[in-house]
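**Student:** Dropping in run_24.cif, which is mmCIF, C-alpha atoms:
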```
data_structure
loop_
_atom_site.label_atom_id
_atom_site.label_comp_id
_atom_site.auth_asym_id
_atom_site.auth_seq_id
_atom_site.Cartn_x
_atom_site.Cartn_y
_atom_site.Cartn_z
CA MET A 1 55.59 73.56 -3.67
CA ASN A 2 51.78 73.49 -3.79
CA LEU A 3 50.42 72.93 -0.29
CA LYS A 4 47.07 71.35 0.40
CA GLY A 5 44.97 70.40 3.41
CA ARG A 6 44.13 71.76 6.87
CA VAL A 7 47.69 72.61 7.89
CA ALA A 8 48.17 74.55 4.65
CA ALA A 9 45.01 76.53 5.46
CA ARG A 10 46.33 77.14 8.98
CA LEU A 11 49.56 78.60 7.54
CA VAL A 12 47.49 81.03 5.44
CA GLU A 13 45.43 81.92 8.52
CA LEU A 14 48.64 82.70 10.43
CA GLY A 15 49.95 84.75 7.48
CA LEU A 16 52.94 82.43 7.16
CA THR A 17 54.74 81.35 4.01
CA LEU A 18 57.12 78.39 4.10
CA PRO A 19 60.64 79.20 2.94
CA PRO A 20 61.98 77.57 -0.23
CA VAL A 21 63.22 74.08 0.66
CA PHE A 22 66.82 74.31 1.89
CA GLN A 23 69.13 72.37 -0.41
CA PRO A 24 71.95 70.62 1.48
CA VAL A 25 75.31 71.39 -0.11
CA ALA A 26 77.13 68.26 1.05
CA ASN A 27 76.66 64.50 1.22
CA TYR A 28 73.40 64.49 3.17
CA VAL A 29 69.71 64.98 2.48
CA GLY A 30 67.22 67.39 4.00
CA HIS A 31 64.74 64.67 4.88
CA ARG A 32 64.36 60.91 4.83
CA LEU A 33 61.26 58.69 5.13
CA GLN A 34 61.49 55.48 7.17
CA GLY A 35 59.19 52.47 6.99
CA PRO A 36 56.25 51.30 4.87
CA ARG A 37 53.57 53.93 4.33
CA LEU A 38 50.76 51.70 5.63
CA GLN A 39 52.45 51.16 8.99
CA GLY A 40 53.00 54.76 10.12
CA GLN A 41 56.24 56.06 8.67
CA HIS A 42 58.82 58.16 10.45
CA LEU A 43 60.10 61.32 8.76
CA TRP A 44 63.60 62.42 9.75
CA ILE A 45 64.52 66.06 9.13
CA ALA A 46 68.17 67.14 8.92
CA GLY A 47 69.47 70.01 11.03
CA MET A 48 67.82 73.16 9.67
CA GLY A 49 68.73 76.78 10.26
CA PRO A 50 67.19 80.23 9.88
CA THR A 51 67.57 80.38 6.10
CA TRP A 52 65.46 81.74 3.28
CA ALA A 53 66.40 80.76 -0.29
CA GLN A 54 69.81 79.54 0.98
CA ALA A 55 70.56 82.91 2.67
CA VAL A 56 71.16 83.06 6.44
CA HIS A 57 69.01 85.38 8.56
CA HIS A 58 69.89 86.56 12.09
CA ALA A 59 73.50 85.28 11.91
CA GLY A 60 75.63 85.46 15.04
CA LYS A 61 75.73 84.51 18.70
CA LEU A 62 73.14 84.90 21.44
CA GLY A 63 74.62 86.87 24.28
CA GLY A 64 76.70 88.60 21.60
CA THR A 65 75.40 90.35 18.49
CA VAL A 66 72.04 88.53 18.36
CA SER A 67 69.33 89.64 20.80
CA LEU A 68 67.01 87.16 22.50
CA GLU A 69 64.17 88.53 20.39
CA ASP A 70 66.06 87.94 17.14
CA GLY A 71 67.17 84.51 18.36
CA ILE A 72 63.53 83.56 18.84
CA LYS A 73 62.74 84.86 15.32
CA ALA A 74 65.61 82.73 13.99
CA ALA A 75 64.22 79.72 15.88
CA ARG A 76 60.77 80.26 14.36
CA LEU A 77 62.27 80.47 10.85
CA THR A 78 64.21 77.27 11.62
CA ALA A 79 60.90 75.54 12.41
CA LEU A 80 59.38 76.79 9.14
CA ASN A 81 62.34 75.27 7.30
CA MET A 82 61.58 71.92 8.97
CA LEU A 83 58.01 72.19 7.74
CA ALA A 84 59.21 73.09 4.23
CA GLN A 85 61.27 69.89 4.21
CA ALA A 86 58.26 67.95 5.45
CA ALA A 87 56.06 69.50 2.76
CA GLU A 88 58.53 68.41 0.09
CA ALA A 89 58.72 64.88 1.53
CA LEU A 90 54.91 64.62 1.72
CA ASP A 91 54.04 66.10 -1.69
CA GLY A 92 52.63 69.22 -0.04
CA ASP A 93 50.24 67.34 2.26
CA LEU A 94 51.27 68.34 5.79
CA ASP A 95 48.05 66.73 7.10
CA ARG A 96 49.92 63.42 6.86
CA ILE A 97 51.86 64.46 9.97
CA ALA A 98 50.51 62.52 12.97
CA GLY A 99 52.86 64.15 15.43
CA CYS A 100 56.23 65.68 16.07
CA LEU A 101 58.07 63.11 18.21
CA LYS A 102 61.34 64.89 18.96
CA VAL A 103 63.31 68.04 18.28
CA PHE A 104 66.87 68.91 19.21
CA VAL A 105 67.69 72.62 19.32
CA LEU A 106 71.20 74.08 19.22
CA VAL A 107 71.75 77.74 20.00
CA ASN A 108 74.94 79.55 18.92
CA ALA A 109 75.88 81.40 22.09
CA ARG A 110 78.52 82.92 24.29
CA PRO A 111 79.48 80.90 27.39
CA ASP A 112 77.55 83.15 29.78
CA PHE A 113 74.24 82.87 27.88
CA ILE A 114 71.75 80.77 29.89
CA ASP A 115 68.52 81.19 27.93
CA ALA A 116 68.90 78.45 25.28
CA HIS A 117 65.51 77.11 26.39
CA ARG A 118 63.83 80.47 25.69
CA VAL A 119 65.29 80.52 22.16
CA ALA A 120 64.20 76.90 21.68
CA ASP A 121 60.65 78.00 22.54
CA GLY A 122 60.67 79.75 19.14
CA VAL A 123 60.96 76.36 17.44
CA THR A 124 58.34 74.53 19.48
CA ASP A 125 55.90 77.48 19.66
CA GLN A 126 56.00 77.76 15.86
CA LEU A 127 55.40 74.02 15.44
CA VAL A 128 52.43 74.08 17.82
CA GLU A 129 50.93 77.19 16.22
CA VAL A 130 50.99 75.51 12.81
CA LEU A 131 50.32 71.86 13.69
CA GLY A 132 48.29 72.23 16.89
CA ASP A 133 48.74 69.88 19.86
CA ILE A 134 50.31 67.15 17.72
CA GLY A 135 53.21 69.54 17.04
CA ARG A 136 54.34 69.41 20.68
CA PRO A 137 57.46 67.17 20.77
CA VAL A 138 59.97 66.12 23.36
CA ARG A 139 62.81 68.57 23.27
CA SER A 140 66.45 68.96 24.20
CA ALA A 141 67.97 72.42 24.02
CA ILE A 142 71.63 73.29 24.37
CA ALA A 143 74.02 76.08 23.42
CA ALA A 144 76.96 75.47 21.07
CA PRO A 145 80.11 77.63 20.85
CA SER A 146 79.68 77.90 17.08
CA LEU A 147 77.32 76.68 14.34
CA PRO A 148 77.79 76.25 10.57
CA LEU A 149 77.72 79.54 8.57
CA ASP A 150 77.38 81.34 11.94
CA ILE A 151 73.64 80.54 12.05
CA SER A 152 72.21 81.50 15.44
CA THR A 153 69.97 78.41 15.74
CA GLU A 154 69.89 74.89 14.35
CA ALA A 155 67.30 72.18 14.99
CA ASP A 156 66.59 68.69 13.73
CA ALA A 157 63.35 66.75 14.10
CA LEU A 158 61.60 63.41 13.95
CA PHE A 159 57.96 63.28 12.82
CA LEU A 160 55.46 60.41 12.94
CA LEU A 161 53.15 60.12 9.90
CA HIS A 162 49.62 58.79 9.59
CA SER A 163 49.41 55.38 7.93
CA MET B 1 64.40 34.86 35.30
CA THR B 2 66.11 38.17 35.87
CA ALA B 3 65.01 40.45 38.69
CA SER B 4 62.36 43.00 37.77
CA HIS B 5 63.45 46.58 37.26
CA GLU B 6 61.04 47.74 39.97
CA ALA B 7 62.45 45.15 42.42
CA ARG B 8 66.00 46.23 41.62
CA LEU B 9 65.14 49.91 42.13
CA LYS B 10 63.68 49.03 45.52
CA ALA B 11 66.58 46.76 46.51
CA LEU B 12 69.04 49.52 45.64
CA ASN B 13 66.99 51.95 47.74
CA ILE B 14 67.02 54.48 44.89
CA ALA B 15 64.45 57.26 45.27
CA LEU B 16 63.06 58.88 42.13
CA PRO B 17 62.06 62.54 41.85
CA ASN B 18 58.55 63.49 40.80
CA PRO B 19 58.48 63.72 36.99
CA ALA B 20 58.61 67.43 36.12
CA ALA B 21 56.09 69.04 33.77
CA PRO B 22 57.76 71.02 30.95
CA ALA B 23 57.43 74.79 31.25
CA ALA B 24 56.98 75.43 27.51
CA ASN B 25 55.51 74.06 24.28
CA TYR B 26 56.91 70.58 24.54
CA VAL B 27 55.98 67.36 26.30
CA PRO B 28 57.95 65.15 28.70
CA TYR B 29 57.71 62.11 26.44
CA THR B 30 56.33 60.84 23.14
CA ILE B 31 55.64 57.24 22.14
CA SER B 32 55.67 55.77 18.63
CA GLY B 33 54.97 52.04 18.56
CA LYS B 34 57.29 50.54 21.18
CA THR B 35 59.71 53.46 21.17
CA LEU B 36 59.60 55.96 24.02
CA TYR B 37 61.36 59.31 23.59
CA VAL B 38 62.05 61.32 26.75
CA ALA B 39 62.80 65.05 26.59
CA GLY B 40 66.11 66.41 27.79
CA GLN B 41 66.07 66.19 31.58
CA ILE B 42 67.82 68.71 33.77
CA THR B 43 69.14 68.73 37.32
CA LEU B 44 65.84 69.17 39.10
CA TRP B 45 64.83 67.47 42.34
CA ASN B 46 61.10 67.97 42.98
CA GLY B 47 61.13 71.50 41.61
CA GLU B 48 64.49 72.53 43.06
CA LEU B 49 67.21 73.35 40.54
CA LYS B 50 70.58 71.86 41.55
CA TYR B 51 74.13 71.67 40.16
CA LEU B 52 74.42 75.08 38.51
CA GLY B 53 77.84 75.66 37.01
CA LYS B 54 80.38 74.85 34.34
CA LEU B 55 82.77 71.90 34.28
CA GLY B 56 86.36 73.02 33.84
CA ALA B 57 85.54 76.35 35.53
CA ASP B 58 83.57 76.31 38.77
CA MET B 59 82.46 72.68 39.11
CA GLU B 60 84.45 69.59 40.08
CA LEU B 61 84.20 66.36 38.10
CA ALA B 62 82.56 64.53 41.04
CA GLN B 63 79.74 67.09 41.16
CA GLY B 64 79.28 66.80 37.40
CA VAL B 65 78.89 63.03 37.78
CA GLU B 66 76.25 63.57 40.49
CA ALA B 67 74.48 66.07 38.21
CA ALA B 68 74.36 63.49 35.40
CA ARG B 69 73.01 60.88 37.82
CA LEU B 70 70.22 63.29 38.82
CA CYS B 71 69.36 63.80 35.13
CA GLY B 72 69.24 60.01 34.87
CA LEU B 73 66.89 59.75 37.86
CA ASN B 74 64.58 62.26 36.16
CA LEU B 75 64.73 60.24 32.91
CA ILE B 76 63.75 57.08 34.79
CA ALA B 77 60.93 58.92 36.60
CA GLN B 78 59.55 60.17 33.25
CA ALA B 79 59.95 56.74 31.64
CA ARG B 80 58.16 55.02 34.53
CA HIS B 81 55.28 57.48 34.26
CA ALA B 82 55.13 56.96 30.47
CA ALA B 83 55.19 53.18 30.93
CA GLY B 84 52.05 53.11 33.04
CA GLY B 85 53.75 53.54 36.40
CA SER B 86 56.00 50.47 36.30
CA LEU B 87 59.60 50.16 35.11
CA ASP B 88 58.82 46.53 34.33
CA ASN B 89 57.01 47.79 31.23
CA ILE B 90 60.37 49.00 29.90
CA LYS B 91 62.25 46.47 27.80
CA GLN B 92 65.54 48.32 27.44
CA VAL B 93 67.38 51.62 27.30
CA LEU B 94 68.29 52.31 23.67
CA LYS B 95 70.16 55.59 23.72
CA LEU B 96 71.28 58.46 25.93
CA GLY B 97 72.32 61.90 24.68
CA GLY B 98 74.51 63.65 27.25
CA PHE B 99 75.33 67.37 27.26
CA VAL B 100 77.93 68.88 29.57
CA ASN B 101 78.13 72.62 30.23
CA CYS B 102 81.90 73.11 30.07
CA THR B 103 84.88 75.21 29.07
CA PRO B 104 86.50 74.64 25.63
CA ASP B 105 89.47 72.75 27.09
CA PHE B 106 87.37 70.31 29.16
CA ILE B 107 87.66 66.73 27.85
CA GLN B 108 86.08 64.52 30.52
CA HIS B 109 82.56 64.48 29.05
CA PRO B 110 82.42 60.65 29.11
CA GLN B 111 83.25 60.50 32.83
CA VAL B 112 80.52 63.06 33.59
CA ILE B 113 77.84 61.28 31.57
CA ASN B 114 78.83 57.97 33.18
CA GLY B 115 76.78 59.28 36.10
CA ALA B 116 73.65 58.69 34.02
CA SER B 117 74.90 55.61 32.18
CA ASP B 118 75.97 53.77 35.35
CA LEU B 119 72.57 54.50 36.89
CA MET B 120 70.79 52.92 33.92
CA VAL B 121 72.80 49.72 34.32
CA GLU B 122 72.25 49.68 38.11
CA VAL B 123 68.49 49.93 37.66
CA PHE B 124 67.87 47.99 34.44
CA GLY B 125 70.77 45.52 34.55
CA ASP B 126 71.87 44.32 31.11
CA ALA B 127 68.78 45.98 29.61
CA GLY B 128 70.22 49.28 30.81
CA LYS B 129 73.23 49.10 28.49
CA HIS B 130 72.73 51.66 25.75
CA ALA B 131 74.21 53.55 22.83
CA ARG B 132 75.29 57.03 23.85
CA PHE B 133 76.85 60.29 22.88
CA ALA B 134 78.46 62.70 25.34
CA VAL B 135 79.35 66.19 24.16
CA GLY B 136 80.23 69.58 25.56
CA ALA B 137 77.91 72.57 25.34
CA VAL B 138 79.01 76.16 25.70
CA SER B 139 76.04 76.72 28.01
CA LEU B 140 72.87 74.94 29.10
CA PRO B 141 69.40 76.26 29.99
CA ARG B 142 69.28 78.18 33.28
CA GLY B 143 72.99 77.57 33.86
CA ILE B 144 72.71 73.87 34.75
CA ALA B 145 75.83 71.70 34.47
CA VAL B 146 74.35 68.65 32.71
CA GLU B 147 71.35 67.72 30.55
CA VAL B 148 70.55 64.20 29.32
CA ASP B 149 67.83 62.89 26.98
CA ALA B 150 66.93 59.26 26.27
CA ILE B 151 65.19 56.74 24.04
CA PHE B 152 63.71 53.60 25.63
CA GLU B 153 62.02 50.52 24.18
CA LEU B 154 58.74 49.47 25.79
CA VAL B 155 57.74 45.85 26.39
#
```
Can you turn what I pasted into structure tokens?

**Tutor:**
Amino acid sequence: MNLKGRVAARLVELGLTLPPVFQPVANYVGHRLQGPRLQGQHLWIAGMGPTWAQAVHHAGKLGGTVSLEDGIKAARLTALNMLAQAAEALDGDLDRIAGCLKVFVLVNARPDFIDAHRVADGVTDQLVEVLGDIGRPVRSAIAAPSLPLDISTEADALFLLHS
Amino acid sequence: MTASHEARLKALNIALPNPAAPAANYVPYTISGKTLYVAGQITLWNGELKYLGKLGADMELAQGVEAARLCGLNLIAQARHAAGGSLDNIKQVLKLGGFVNCTPDFIQHPQVINGASDLMVEVFGDAGKHARFAVGAVSLPRGIAVEVDAIFELV
């Protein structure tokens, strides 16, 4: 994917590379555009995880084998996977993003883990670092007893696009 | 003419908490067109964290229902702030997402989240009837018992 625009330059500045676009392996898509382009489309992103070229990083449970620090790294990689989906949907032009409206963060954790919100900060901090203030969404963060492929974090998102 | 949401809130003598500012890189609400998204609200009353615990372990159902109602009060406080300070600028409640901190064998998630759903109908009348999901979580931030997020439609 060839990236262009201000956000692409910001990624370079931060020394970040977007992961290869995650390819869903079942009957769903990684992203979906809603509405006519001239009226401010919505971009829905499927639940993403900490993957790179389809391989899982930082697998396991918070409060178990995954440290808070690694959970936050997983959350940041999860956010980069959202942006990779967005880049594919927007032909590499992430400047078309007008704002991140909503993210939902799931953390794979043991029952006594109470820092799901600190892990979720990895997702929203990464979005704000790359997109600036418009990357600050509403957020819900919870812990799940298990997640697919034992990923430590999963998050989905809704973006608003410029018309 | 149906009663205004603000009038109903007053008639019911329901007090709202102050809308809490998020402590991290997210915002309390976003608006796209007429759609208002409110972040997951927790069991806070003016800065004080309440209802810590896990349903099915150390918290009774009745307390869980109260916890969900408090999340609902925080949702309404945020929505009112987003809607220019008046609930009458809210057309309807579209959706609630309810999360219950619970043990694996706990199955009364709907009853818990009714605490928030019933509040919406009390305050907004028919416009408070919404789509919803209610699920269990293995834990919630800071050990709270319930978290609820919402989508509203603005007038």

**Student:** Please provide as a ChimeraX atom specification all residues within 7 Å of Leu106 (chain A), with the sequence filter that same-chain residues fewer than 5 positions apart are discarded (counting all atoms listed in the file).

**Tutor:** /A:141-144,153-155

**Student:** Tell me, as an mmCIF file with C-alpha atoms, in the frame of the given file, which residues lie within 12 Å of Lys34 (chain B), counting only C-alpha atoms; anything in the same chain fewer than 3 positions away does not count.

**Tutor:**
```
data_model
loop_
_atom_site.group_PDB
_atom_site.id
_atom_site.type_symbol
_atom_site.label_atom_id
_atom_site.label_comp_id
_atom_site.auth_asym_id
_atom_site.auth_seq_id
_atom_site.Cartn_x
_atom_site.Cartn_y
_atom_site.Cartn_z
ATOM 1 C CA THR B 30 56.330 60.840 23.140
ATOM 2 C CA ILE B 31 55.640 57.240 22.140
ATOM 3 C CA TYR B 37 61.360 59.310 23.590
ATOM 4 C CA ALA B 82 55.130 56.960 30.470
ATOM 5 C CA ALA B 83 55.190 53.180 30.930
ATOM 6 C CA ASN B 89 57.010 47.790 31.230
ATOM 7 C CA ILE B 90 60.370 49.000 29.900
ATOM 8 C CA LYS B 91 62.250 46.470 27.800
ATOM 9 C CA GLN B 92 65.540 48.320 27.440
ATOM 10 C CA VAL B 93 67.380 51.620 27.300
ATOM 11 C CA LEU B 94 68.290 52.310 23.670
ATOM 12 C CA ILE B 151 65.190 56.740 24.040
ATOM 13 C CA PHE B 152 63.710 53.600 25.630
ATOM 14 C CA GLU B 153 62.020 50.520 24.180
ATOM 15 C CA LEU B 154 58.740 49.470 25.790
ATOM 16 C CA VAL B 155 57.740 45.850 26.390
#
```

**Student:** Which residues come within 12 Å of region 47-50 of chain B, counting only C-alpha atoms, excluding same-chain residues fewer than 3 positions away, as a list in words?

**Tutor:**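 Here the answer would be Pro17, Asn18, Pro19, Ala20, Ala21, Pro22, Ala23, Gln41, Ile42, Thr43, Leu44, Gly53, Gln63, Gly64, Glu66, Ala67, Ala68, Arg69, Leu70, Cys71, Asn74, Pro141, Arg142, Gly143, Ile144, Ala145, Val146 and Glu147 of chain B.
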
**Student:** Could you work out which residues of chain A fall inside 7 Å of chain B? Count only C-alpha atoms, and format the result as a list of chain:residue names.

**Tutor:**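 The selection requested is A:Leu101, A:Arg110, A:Pro111, A:Asp112, A:Phe113, A:Ile114, A:Asp115, A:Ala116, A:His117, A:Asp121, A:Thr124, A:Asp125, A:Arg136, A:Pro137, A:Val138, A:Arg139, A:Ser140, A:Ile142, A:Ala143, A:Ala144, A:Pro145.
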
**Student:** Would you list the contacts of region 24-33 of chain A as number ranges by chain, taking every protein, DNA or RNA residue within 6 Å and counting all atoms listed in the file, but skipping same-chain residues closer than 5 positions in sequence?

**Tutor:** A: 42-46

**Student:** Of the candidates B:Ile107, B:Leu61, B:Leu16, B:Ala116, which shows the shortest atom-to-atom distance to Lys95 (chain B), using all atoms listed in the file?

**Tutor:**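 Among the listed residues, the smallest separation from Lys95 (chain B) belongs to B:Ala116.
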
**Student:** Quote the spacing between CA of Leu3 (chain A) and CA of Asp93 (chain A) in Å to one decimal place.

**Tutor:**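 Value for the CA of Leu3 (chain A)-CA of Asp93 (chain A) distance: 6.1 Å.
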
**Student:** Determine the nearest neighbour of Ile72 (chain A) from the options A:Ala98, A:Val123, A:Ala8, A:Val130, counting all atoms listed in the file.

**Tutor:**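 Distance minimum relative to Ile72 (chain A) lands on A:Val123.
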